[in-house]
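To be precise, the following lines are input24.txt, and they hold compact mmCIF, C-alpha atoms and all ligand atoms.
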```
# COMPACT_ATOMS: atom_id res chain seq x y z
CA MET S 1 65.02 116.48 104.77
CA LYS S 2 63.25 114.64 107.51
CA LEU S 3 63.62 110.95 107.26
CA LEU S 4 61.66 108.83 109.58
CA PHE S 5 61.66 105.45 108.02
CA ILE S 6 60.66 102.38 109.81
CA VAL S 7 60.21 99.18 107.97
CA VAL S 8 57.33 97.44 109.57
CA VAL S 9 57.10 93.90 108.38
CA SER S 10 54.28 91.76 109.54
CA LEU S 11 53.84 88.15 108.75
CA LEU S 12 50.44 86.67 109.25
CA ALA S 13 52.09 83.39 109.87
CA VAL S 14 50.33 80.49 108.31
CA GLY S 15 51.55 77.02 107.57
CA TYR S 16 54.83 76.88 109.40
CA ALA S 17 56.12 73.40 109.95
CA ARG S 18 54.99 71.39 112.95
CA ASP S 19 58.42 69.96 113.56
CA GLN S 20 59.83 73.44 113.82
CA GLU S 21 57.28 74.23 116.48
CA ALA S 22 58.45 71.23 118.46
CA GLU S 23 62.05 72.18 117.93
CA LEU S 24 61.42 75.68 119.21
CA ALA S 25 59.66 74.32 122.27
CA THR S 26 62.56 71.97 122.96
CA ARG S 27 65.08 74.74 122.80
CA GLY S 28 62.90 76.92 124.96
CA ARG S 29 64.12 79.99 123.17
CA LYS S 30 62.10 82.78 121.77
CA LYS S 31 63.40 82.50 118.27
CA GLY S 32 61.50 82.31 115.04
CA LYS S 33 61.52 83.29 111.42
CA THR S 34 59.65 86.50 112.18
CA CYS S 35 58.17 88.37 115.13
CA SER S 36 54.77 87.14 114.05
CA GLU S 37 55.87 83.54 114.38
CA ILE S 38 57.35 84.24 117.80
CA LYS S 39 54.08 85.80 118.89
CA LEU S 40 52.16 82.82 117.61
CA HIS S 41 54.31 80.45 119.66
CA SER S 42 54.37 82.70 122.71
CA PRO S 43 51.15 84.71 122.84
CA LYS S 44 52.31 86.53 125.97
CA ALA S 45 55.58 87.69 124.42
CA THR S 46 56.14 91.40 124.99
CA SER S 47 57.66 93.97 122.66
CA GLY S 48 61.46 94.04 122.62
CA SER S 49 64.54 92.62 120.97
CA TYR S 50 64.38 89.14 119.51
CA VAL S 51 66.56 87.01 117.29
CA ILE S 52 64.91 86.03 114.02
CA ASP S 53 66.07 83.81 111.18
CA PRO S 54 63.74 84.36 108.22
CA ASP S 55 65.19 81.56 106.10
CA GLY S 56 65.41 79.06 108.96
CA GLU S 57 68.36 76.86 109.80
CA GLY S 58 71.34 77.32 107.52
CA GLY S 59 71.38 79.89 104.76
CA TYR S 60 71.73 83.38 106.13
CA GLU S 61 72.64 84.06 109.74
CA PRO S 62 69.96 85.04 112.28
CA PHE S 63 69.85 88.67 113.37
CA THR S 64 68.42 90.73 116.20
CA ILE S 65 65.41 92.89 115.54
CA HIS S 66 62.72 94.80 117.44
CA CYS S 67 59.37 93.09 117.71
CA ASP S 68 56.26 95.20 118.28
CA MET S 69 53.87 92.73 119.88
CA THR S 70 50.96 95.13 120.49
CA ASP S 71 50.33 97.20 117.36
CA LYS S 72 47.98 96.00 114.61
CA ASN S 73 46.03 93.75 116.97
CA GLY S 74 49.20 92.17 118.35
CA VAL S 75 49.97 90.16 115.23
CA GLY S 76 53.71 90.58 115.91
CA LEU S 77 55.40 93.22 113.78
CA THR S 78 59.02 92.96 112.77
CA VAL S 79 60.49 96.46 112.96
CA VAL S 80 63.75 97.14 111.19
CA GLY S 81 65.66 100.31 112.03
CA HIS S 82 68.26 102.09 109.93
CA ASP S 83 70.73 104.94 109.97
CA SER S 84 68.53 107.57 108.33
CA GLU S 85 65.63 107.93 110.72
CA GLN S 86 66.71 111.40 111.88
CA ARG S 87 66.14 114.66 110.07
CA THR S 88 69.04 115.15 107.74
CA LEU S 89 69.87 118.28 105.79
CA VAL S 90 70.34 117.83 102.07
CA ARG S 91 73.21 119.80 100.59
CA GLY S 92 74.35 120.48 97.08
CA TYR S 93 72.81 120.58 93.68
CA GLY S 94 71.86 117.68 91.49
CA SER S 95 73.50 114.78 93.18
CA TYR S 96 72.70 114.25 96.83
CA VAL S 97 73.00 110.55 97.54
CA ARG S 98 72.25 108.78 100.78
CA ASP S 99 72.54 105.03 101.11
CA ILE S 100 70.26 103.51 103.74
CA HIS S 101 71.95 101.07 106.08
CA TYR S 102 69.61 98.81 108.02
CA THR S 103 70.65 98.01 111.54
CA GLY S 104 70.45 95.01 113.83
CA SER S 105 72.99 92.81 115.55
CA GLY S 106 74.01 90.15 113.05
CA LEU S 107 72.40 92.00 110.15
CA THR S 108 75.28 92.22 107.73
CA SER S 109 73.66 92.01 104.31
CA ASN S 110 70.47 93.25 102.71
CA ALA S 111 69.87 89.70 101.52
CA GLN S 112 68.86 88.82 105.08
CA LEU S 113 66.18 91.51 104.89
CA PHE S 114 65.02 90.36 101.49
CA GLY S 115 64.46 86.92 103.03
CA LEU S 116 62.32 88.51 105.71
CA LEU S 117 60.27 90.38 103.13
CA ASP S 118 59.84 87.27 101.02
CA ILE S 119 58.01 85.43 103.81
CA SER S 120 56.03 88.45 105.02
CA THR S 121 52.54 89.13 103.78
CA HIS S 122 52.80 92.87 104.21
CA CYS S 123 55.48 95.48 104.62
CA ASP S 124 55.43 99.24 104.78
CA GLN S 125 57.99 101.99 105.11
CA PHE S 126 57.38 105.62 106.00
CA ILE S 127 59.13 108.23 103.89
CA LYS S 128 59.14 112.00 104.27
CA TYR S 129 60.73 114.95 102.52
CA GLU S 130 60.53 118.50 103.85
CA CYS S 131 61.27 121.19 101.33
CA HIS S 132 61.72 124.93 100.86
CA GLY S 133 61.92 125.86 97.21
CA SER S 134 63.15 122.34 96.52
CA LEU S 135 61.50 120.20 93.85
CA LEU S 136 60.92 116.52 94.58
CA LEU S 137 59.51 114.34 91.78
CA PHE S 138 59.14 117.13 89.23
CA SER S 139 59.56 116.94 86.38
CA PRO S 140 58.16 113.70 84.90
CA GLY S 141 60.92 111.93 83.03
CA ASN S 142 63.58 114.02 84.77
CA PRO S 143 62.82 114.09 88.50
CA ASN S 144 64.94 116.00 91.02
CA GLY S 145 64.50 113.36 93.68
CA TRP S 146 63.73 109.66 93.90
CA TRP S 147 64.36 106.53 95.94
CA VAL S 148 66.02 103.31 94.93
CA SER S 149 64.21 99.99 95.31
CA ARG S 150 65.58 96.63 96.45
CA ASP S 151 66.25 95.80 92.78
CA ASN S 152 68.26 99.02 92.39
CA VAL S 153 65.57 100.66 90.30
CA LYS S 154 64.87 104.40 90.35
CA MET S 155 61.40 104.80 91.86
CA THR S 156 59.30 107.82 90.95
CA TYR S 157 56.30 107.47 93.24
CA TRP S 158 56.40 108.76 96.82
CA GLY S 159 54.89 107.62 100.12
CA GLY S 160 51.10 107.46 100.02
CA ALA S 161 51.13 106.66 96.30
CA THR S 162 51.38 103.33 94.46
CA PRO S 163 53.68 102.20 91.64
CA ALA S 164 50.84 103.11 89.24
CA ASP S 165 50.92 106.73 90.46
CA SER S 166 53.96 107.80 88.51
CA TYR S 167 55.54 111.10 89.69
CA LYS S 168 52.97 111.45 92.44
CA CYS S 169 53.06 111.89 96.19
CA ALA S 170 50.06 111.28 98.46
CA CYS S 171 48.60 114.71 97.61
CA GLY S 172 48.84 113.90 93.90
CA VAL S 173 46.71 110.80 94.41
CA ASP S 174 43.88 112.67 96.11
CA ASN S 175 44.37 115.96 94.22
CA THR S 176 45.24 118.09 97.24
CA CYS S 177 48.73 119.31 96.28
CA ALA S 178 49.79 122.89 96.98
CA ASP S 179 50.00 123.37 93.21
CA SER S 180 47.11 121.41 91.72
CA SER S 181 48.94 121.01 88.42
CA ARG S 182 51.78 119.04 90.05
CA GLY S 183 52.06 115.71 91.83
CA CYS S 184 53.73 116.67 95.12
CA ASN S 185 53.54 119.56 97.57
CA CYS S 186 57.28 120.15 97.23
CA ASP S 187 56.87 120.47 93.48
CA LYS S 188 55.23 123.86 94.01
CA ASN S 189 58.86 124.92 94.45
CA ASP S 190 58.13 128.10 96.38
CA GLY S 191 59.49 129.88 99.45
CA VAL S 192 57.26 128.08 101.92
CA TRP S 193 58.23 125.06 104.00
CA ARG S 194 56.20 122.13 102.71
CA GLU S 195 56.36 118.37 103.01
CA ASP S 196 55.47 115.15 101.25
CA SER S 197 55.18 112.01 103.30
CA GLY S 198 53.41 108.69 103.51
CA LEU S 199 53.79 104.95 103.49
CA LEU S 200 55.39 102.92 100.75
CA THR S 201 53.52 99.63 100.71
CA GLU S 202 54.61 97.78 97.56
CA LYS S 203 56.51 94.93 99.17
CA SER S 204 58.36 93.94 96.01
CA ASP S 205 59.97 97.41 95.86
CA LEU S 206 61.05 97.51 99.51
CA PRO S 207 63.16 98.21 101.38
CA VAL S 208 64.41 101.62 100.29
CA LEU S 209 68.12 101.21 99.57
CA GLN S 210 69.03 104.76 98.64
CA LEU S 211 67.67 108.32 98.50
CA ARG S 212 68.47 110.92 95.87
CA PHE S 213 67.69 114.60 95.98
CA GLY S 214 68.78 117.42 93.76
CA ASP S 215 67.12 120.80 93.92
CA THR S 216 68.99 122.25 96.91
CA GLY S 217 71.79 124.22 95.29
CA ALA S 218 70.70 127.83 95.75
CA SER S 219 70.89 129.59 99.11
CA PHE S 220 67.09 129.75 99.40
CA GLU S 221 66.60 126.11 98.52
CA HIS S 222 66.44 123.62 101.38
CA GLY S 223 65.44 120.03 101.89
CA CA A 1 69.21 81.19 108.42
```
As structure tokens, how would this structure be written, given the file I've shared?
Ligand SMILES: [Ca+2]
Amino acid sequence: MKLLFIVVVSLLAVGYARDQEAELATRGRKKGKTCSEIKLHSPKATSGSYVIDPDGEGGYEPFTIHCDMTDKNGVGLTVVGHDSEQRTLVRGYGSYVRDIHYTGSGLTSNAQLFGLLDISTHCDQFIKYECHGSLLLFSPGNPNGWWVSRDNVKMTYWGGATPADSYKCACGVDNTCADSSRGCNCDKNDGVWREDSGLLTEKSDLPVLQLRFGDTGASFEHG
């Protein structure tokens, strides 16, 4: 299983309070609710680590995050890393579980991230599964793999698909899957290395809190 998730949260900051702007200027610190807000205040800010506090003073504690100040026309992207960005081998049959832990100094609860998502206009997360004889979303109603949303709901659409594309990966949306009768390349379930990957973009479902995979029990099955 290759997992290369990056939550890219971008806020097209509009309507932040004037008094906050003044307060930020007074403090002379590059701190804001999001990277986008920091970029708006400091147009010359470069990519790097910044402290953000999505819900402002009080509430949840600020945390340190990476800001990408150049991509997407330099709008200021808030990039959240986690502990499952490396390729990880899935073992066992029926019950592989991996919780995703998001990382950042001061980031101690997912609620802090939810606050960031709530004030962002857009968020996406890349998700990828590499497979060898290992089913992914097949079969409808009883999938072998899925991801768990921020509301702890079992999600049965993969990257490149939308919530309306039930049991589909990107190839299922544009009808290019290895087996045209199924919704994901991995669902061909044969002895060829295949992959399903793409961006999850439904903000209300993100971030991914957990991954589940199942069809990796036999010696020829890998993911
Ligand atoms: Ca706060």
In Å to one decimal, how far is atom CA of Leu117 of chain S from atom CA of Leu137 of chain S?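 Atom CA of Leu117 of chain S lies 26.5 Å from atom CA of Leu137 of chain S.
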Restricting the calculation to all atoms listed in the file, which member of S:Asn152, S:Thr78, S:Thr70, S:Asn185 is positioned closest to Val51 of chain S? S:Thr78
Could you pull out the residues sitting within 7 Å of ligand CA 1 (chain A), using all atoms listed in the file, and write them as JSON, numbers by chain? {"S": [53, 54, 55, 56, 57, 58, 59, 60, 61, 62]}
Any chance you can output those residues with C-alpha atoms as a tab-separated table (two decimals), keeping the file's coordinate frame?
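This went into selection_11.tsv:
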```
chain	number	residue	atom	x	y	z
S	53	ASP	CA	66.07	83.81	111.18
S	54	PRO	CA	63.74	84.36	108.22
S	55	ASP	CA	65.19	81.56	106.10
S	56	GLY	CA	65.41	79.06	108.96
S	57	GLU	CA	68.36	76.86	109.80
S	58	GLY	CA	71.34	77.32	107.52
S	59	GLY	CA	71.38	79.89	104.76
S	60	TYR	CA	71.73	83.38	106.13
S	61	GLU	CA	72.64	84.06	109.74
S	62	PRO	CA	69.96	85.04	112.28
```
Using only C-alpha atoms, which of S:Leu107, S:Val208, S:Ala218, S:Val75 sits nearest Met155 of chain S? S:Val208
Between atom CA of Gly32 of chain S and atom CA of Val148 of chain S, what distance in Å does the model show, to one decimal? 29.4 Å
Using all atoms listed in the file, which of S:Gln125, S:Ser166, S:Thr216, S:Ser204 sits nearest Pro140 of chain S?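 Ranking S:Gln125, S:Ser166, S:Thr216, S:Ser204 by distance to Pro140 of chain S, first place goes to S:Ser166.
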Just how far from atom CA of Gln112 of chain S is atom CA of Tyr50 of chain S, in Å to one decimal?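 If I compute the distance from atom CA of Tyr50 of chain S to atom CA of Gln112 of chain S, I get 15.1 Å.
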Fewer than 2 positions away in the same chain doesn't count, so skip those; otherwise give me all residues within 12 Å of Ser219 of chain S, counting all atoms listed in the file, as an MDAnalysis selection string. chainID S and resid 91:93 132:134 191 215:217 221:223
Residues near Trp147 of chain S, anyone? I mean within 12 Å using all atoms listed in the file, not counting same-chain ones fewer than 3 positions away, as an NGL selection string. :S and (96-100 or 127-129 or 136-137 or 143-144 or 150-159 or 167 or 200 or 205-214)
Restricting it to C-alpha atoms, dump the selection as a PDB file, in the frame of the given file.
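Resulting contents of again_28.pdb:
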```pdb
ATOM      1  CA  TYR S  96      72.700 114.250  96.830  1.00  0.00           C
ATOM      2  CA  VAL S  97      73.000 110.550  97.540  1.00  0.00           C
ATOM      3  CA  ARG S  98      72.250 108.780 100.780  1.00  0.00           C
ATOM      4  CA  ASP S  99      72.540 105.030 101.110  1.00  0.00           C
ATOM      5  CA  ILE S 100      70.260 103.510 103.740  1.00  0.00           C
ATOM      6  CA  ILE S 127      59.130 108.230 103.890  1.00  0.00           C
ATOM      7  CA  LYS S 128      59.140 112.000 104.270  1.00  0.00           C
ATOM      8  CA  TYR S 129      60.730 114.950 102.520  1.00  0.00           C
ATOM      9  CA  LEU S 136      60.920 116.520  94.580  1.00  0.00           C
ATOM     10  CA  LEU S 137      59.510 114.340  91.780  1.00  0.00           C
ATOM     11  CA  PRO S 143      62.820 114.090  88.500  1.00  0.00           C
ATOM     12  CA  ASN S 144      64.940 116.000  91.020  1.00  0.00           C
ATOM     13  CA  ARG S 150      65.580  96.630  96.450  1.00  0.00           C
ATOM     14  CA  ASP S 151      66.250  95.800  92.780  1.00  0.00           C
ATOM     15  CA  ASN S 152      68.260  99.020  92.390  1.00  0.00           C
ATOM     16  CA  VAL S 153      65.570 100.660  90.300  1.00  0.00           C
ATOM     17  CA  LYS S 154      64.870 104.400  90.350  1.00  0.00           C
ATOM     18  CA  MET S 155      61.400 104.800  91.860  1.00  0.00           C
ATOM     19  CA  THR S 156      59.300 107.820  90.950  1.00  0.00           C
ATOM     20  CA  TYR S 157      56.300 107.470  93.240  1.00  0.00           C
ATOM     21  CA  TRP S 158      56.400 108.760  96.820  1.00  0.00           C
ATOM     22  CA  GLY S 159      54.890 107.620 100.120  1.00  0.00           C
ATOM     23  CA  TYR S 167      55.540 111.100  89.690  1.00  0.00           C
ATOM     24  CA  LEU S 200      55.390 102.920 100.750  1.00  0.00           C
ATOM     25  CA  ASP S 205      59.970  97.410  95.860  1.00  0.00           C
ATOM     26  CA  LEU S 206      61.050  97.510  99.510  1.00  0.00           C
ATOM     27  CA  PRO S 207      63.160  98.210 101.380  1.00  0.00           C
ATOM     28  CA  VAL S 208      64.410 101.620 100.290  1.00  0.00           C
ATOM     29  CA  LEU S 209      68.120 101.210  99.570  1.00  0.00           C
ATOM     30  CA  GLN S 210      69.030 104.760  98.640  1.00  0.00           C
ATOM     31  CA  LEU S 211      67.670 108.320  98.500  1.00  0.00           C
ATOM     32  CA  ARG S 212      68.470 110.920  95.870  1.00  0.00           C
ATOM     33  CA  PHE S 213      67.690 114.600  95.980  1.00  0.00           C
ATOM     34  CA  GLY S 214      68.780 117.420  93.760  1.00  0.00           C
TER      35      GLY S 214
END
```
I'd like to know which of S:Ser120, S:Asp196, S:Gly115, S:Asp83 is closest to Ser36 of chain S, using all atoms listed in the file. S:Ser120
Report, as JSON, the centre and edge lengths in Å (one decimal) of the axis-aligned box enclosing every listed atom of segment 56-73 of chain S, padded by 3 Å on each side.
```
{"center_x": 59.3, "center_y": 87.0, "center_z": 112.6, "size_x": 32.6, "size_y": 26.3, "size_z": 21.7}
```
Nearest to Gly76 of chain S among S:Ser181, S:Thr88, S:Thr64, S:Ser47, with distances taken over all atoms listed in the file: which residue is it?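 The answer is S:Ser47, which sits nearest to Gly76 of chain S.
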Given the choices S:Asn189, S:Thr46, S:Phe126, S:Leu135, which gets closest to Ala170 of chain S if the distance is worked out from only C-alpha atoms?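 Smallest distance to Ala170 of chain S is found for S:Phe126.
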Write out as a ChimeraX atom specification the residues lying within 8 Å of Ala45 of chain S, counting all atoms listed in the file and excluding same-chain residues fewer than 4 positions away. /S:38-39,69
